[in-house]
Every structure is written in structure tokens, then in C-alpha cells.
Amino acid sequence: MEKILKDRVALVTGGAQGLGQAICWRLAQEGCHVVVADLNEEKATQTAAAITDRKAIGIKVDVTNEDQVSAMVERTVQEFGRLDIMVANAGILIAEDITDFPAEKWLAVIKVNLF
């Protein structure tokens with residue numbers, strides 16, 4: 001069976017665990033080389049290492065920091081020569097009772113999900 005994304009280069013933010021990790025694995029199954037970008041560098045590297053049939057790398061990035069995002073894209077292009085697919089999956093989950101939810105945590109959630 002032909003892989004529909006053969007030799008494409010995909011970058012997945014929040015790719016070290018959960019849905020992001022599953023997206024990384026599926027993209028690799030479909031033929032992509034994968035950049036696993038996450039705040040947790042160790043898990044990003046572990047996820048990339050688990051992708052054995054395609055080239056994959058793990059990158060530490062805080063998507064709320066524009067300089068780090070630029071560096072992430074630059075490194076991707078440096079490593080692979082281009083960027084074909086970008087999956088903006090990074091986000092944070094802070095769950096607390098609505099009556100006790102601190103404003104600074106709410107603003108952090110909004111900032112990540114809007115930008």
C-alpha cells in the first residue's frame with residue numbers, strides 16, 4: 001500500500017504525549033518524517049526515538065515564545081530542507097473548580113489556545 005504522505009516533513013507541537021503523540025505516530029505511518037515539538041524535551045526525544053521507520057527528531061519548545069517558535073521552524077528546515085505539514089496541537093489543561101480558578105491560570109490557558 002502506498003503511503004499518501006511519503007517523504008513529507010511534519011512538525012507537531014505538543015507531540016510528546018496524548019493526542020499529539022498519536023498524531024506523530026500516524027504521520028510517520030503515512031510516510032512523513034516527523035518533528036516532535038514539546039515543552040518536555042525528554043518525552044519529545046523518546047517519542048521521536050519510537051518512530052523507527054522514518055526520520056524523526058524531538059525539539060523542546062514553548063509555543064508562547066515567538067523566538068522559540070521561529071527557532072523550531074528554522075531547525076526543522078535545517079534538518080529536513082523544508083516543512084510541509086504543521087500541526088498546532090500544543091495546549092495546556094488546568095482543571096480546577098470554577099469558583100477557585102485563579103485569574104492568572106485562566107489567562108495562561110487563553111494565551112496558549114489563542115496564539
# chains A, B, ... in the order shown; residues from 1 in each chain; ligands from 1

call {"tool": "select_by_dssp", "arguments": {"residues": "chain A", "states": "alpha helix (DSSP H)", "output": "VMD selection string"}}
result
chain A and resid 18 to 29 41 to 50 66 to 80 103 to 114

call {"tool": "residues_around", "arguments": {"residues": "A:Ala90", "least_positions_apart": "6", "cutoff": "10 Å", "atoms": "only C-alpha atoms", "output": "list in words"}}
result
Val12, Thr13, Gly14, Gly15, Ala16, Leu19, Gly20, Ala37, Asp38, Leu39, Val61, Asp62, Val63, Thr64, Val112 and Asn113 of chain A

call {"tool": "select_by_dssp", "arguments": {"residues": "chain A", "states": "strand (DSSP E or B)", "output": "ChimeraX atom specification"}}
result
/A:9-13,33-38,56-60,85-88

call {"tool": "residues_around", "arguments": {"residues": "A:Gln46", "least_positions_apart": "2", "cutoff": "10 Å", "atoms": "only C-alpha atoms", "output": "list in words"}}
result
Ala16, Gln17, Val36, Glu41, Glu42, Lys43, Ala44, Ala48, Ala49, Ala50, Ile51, Ile57 and Gly58 of chain A

call {"tool": "atom_distance", "arguments": {"atom1": "atom CA of A:Leu5", "atom2": "atom CA of A:Asn65"}}
result
29.5 Å

call {"tool": "atom_distance", "arguments": {"atom1": "atom CA of A:Lys6", "atom2": "atom CA of A:Cys32"}}
result
5.7 Å

call {"tool": "atom_distance", "arguments": {"atom1": "atom CA of A:Gln21", "atom2": "atom CA of A:His33"}}
result
13.8 Å

call {"tool": "residues_around", "arguments": {"residues": "A:Ala28", "least_positions_apart": "3", "cutoff": "10 Å", "atoms": "only C-alpha atoms", "output": "PDB file with C-alpha atoms, in the first residue's frame"}}
result
ATOM      1  CA  LYS A   3       1.878   5.883   1.818  1.00  0.00           C
ATOM      2  CA  LEU A   5       2.373  11.394   2.763  1.00  0.00           C
ATOM      3  CA  LYS A   6       5.617   9.724   1.664  1.00  0.00           C
ATOM      4  CA  ASP A   7       8.658  11.875   2.436  1.00  0.00           C
ATOM      5  CA  ARG A   8       6.652  14.875   3.609  1.00  0.00           C
ATOM      6  CA  VAL A   9       8.011  16.737   6.637  1.00  0.00           C
ATOM      7  CA  ALA A  10       5.578  17.250   9.512  1.00  0.00           C
ATOM      8  CA  ALA A  22      -0.690   9.722  18.353  1.00  0.00           C
ATOM      9  CA  ILE A  23      -0.618  12.287  15.536  1.00  0.00           C
ATOM     10  CA  CYS A  24       3.178  11.938  15.293  1.00  0.00           C
ATOM     11  CA  TRP A  25       2.938   8.151  15.061  1.00  0.00           C
ATOM     12  CA  GLY A  31       5.264   8.234   5.353  1.00  0.00           C
ATOM     13  CA  CYS A  32       6.178  11.545   6.996  1.00  0.00           C
ATOM     14  CA  HIS A  33       9.436  12.495   8.606  1.00  0.00           C
ATOM     15  CA  VAL A  34       8.391  13.975  11.954  1.00  0.00           C
ATOM     16  CA  ALA A  48      10.864  10.675  18.185  1.00  0.00           C
ATOM     17  CA  ILE A  51       9.435   6.373  15.284  1.00  0.00           C
ATOM     18  CA  THR A  52      11.768   3.910  13.620  1.00  0.00           C
ATOM     19  CA  ASP A  53      10.582   3.724  10.016  1.00  0.00           C
ATOM     20  CA  ARG A  54      11.040   7.459   9.254  1.00  0.00           C
ATOM     21  CA  LYS A  55      13.473  10.156  10.345  1.00  0.00           C
ATOM     22  CA  ALA A  56      12.201  11.896  13.478  1.00  0.00           C
TER      23      ALA A  56
END

call {"tool": "closest_residue", "arguments": {"among": "A:Ala108, A:Val77, A:Leu11, A:Leu27", "to": "A:Ile92", "atoms": "only C-alpha atoms"}}
result
A:Ala108

call {"tool": "closest_residue", "arguments": {"among": "A:Thr45, A:Val35, A:Asp100, A:Lys105", "to": "A:Met86", "atoms": "only C-alpha atoms"}}
result
A:Val35
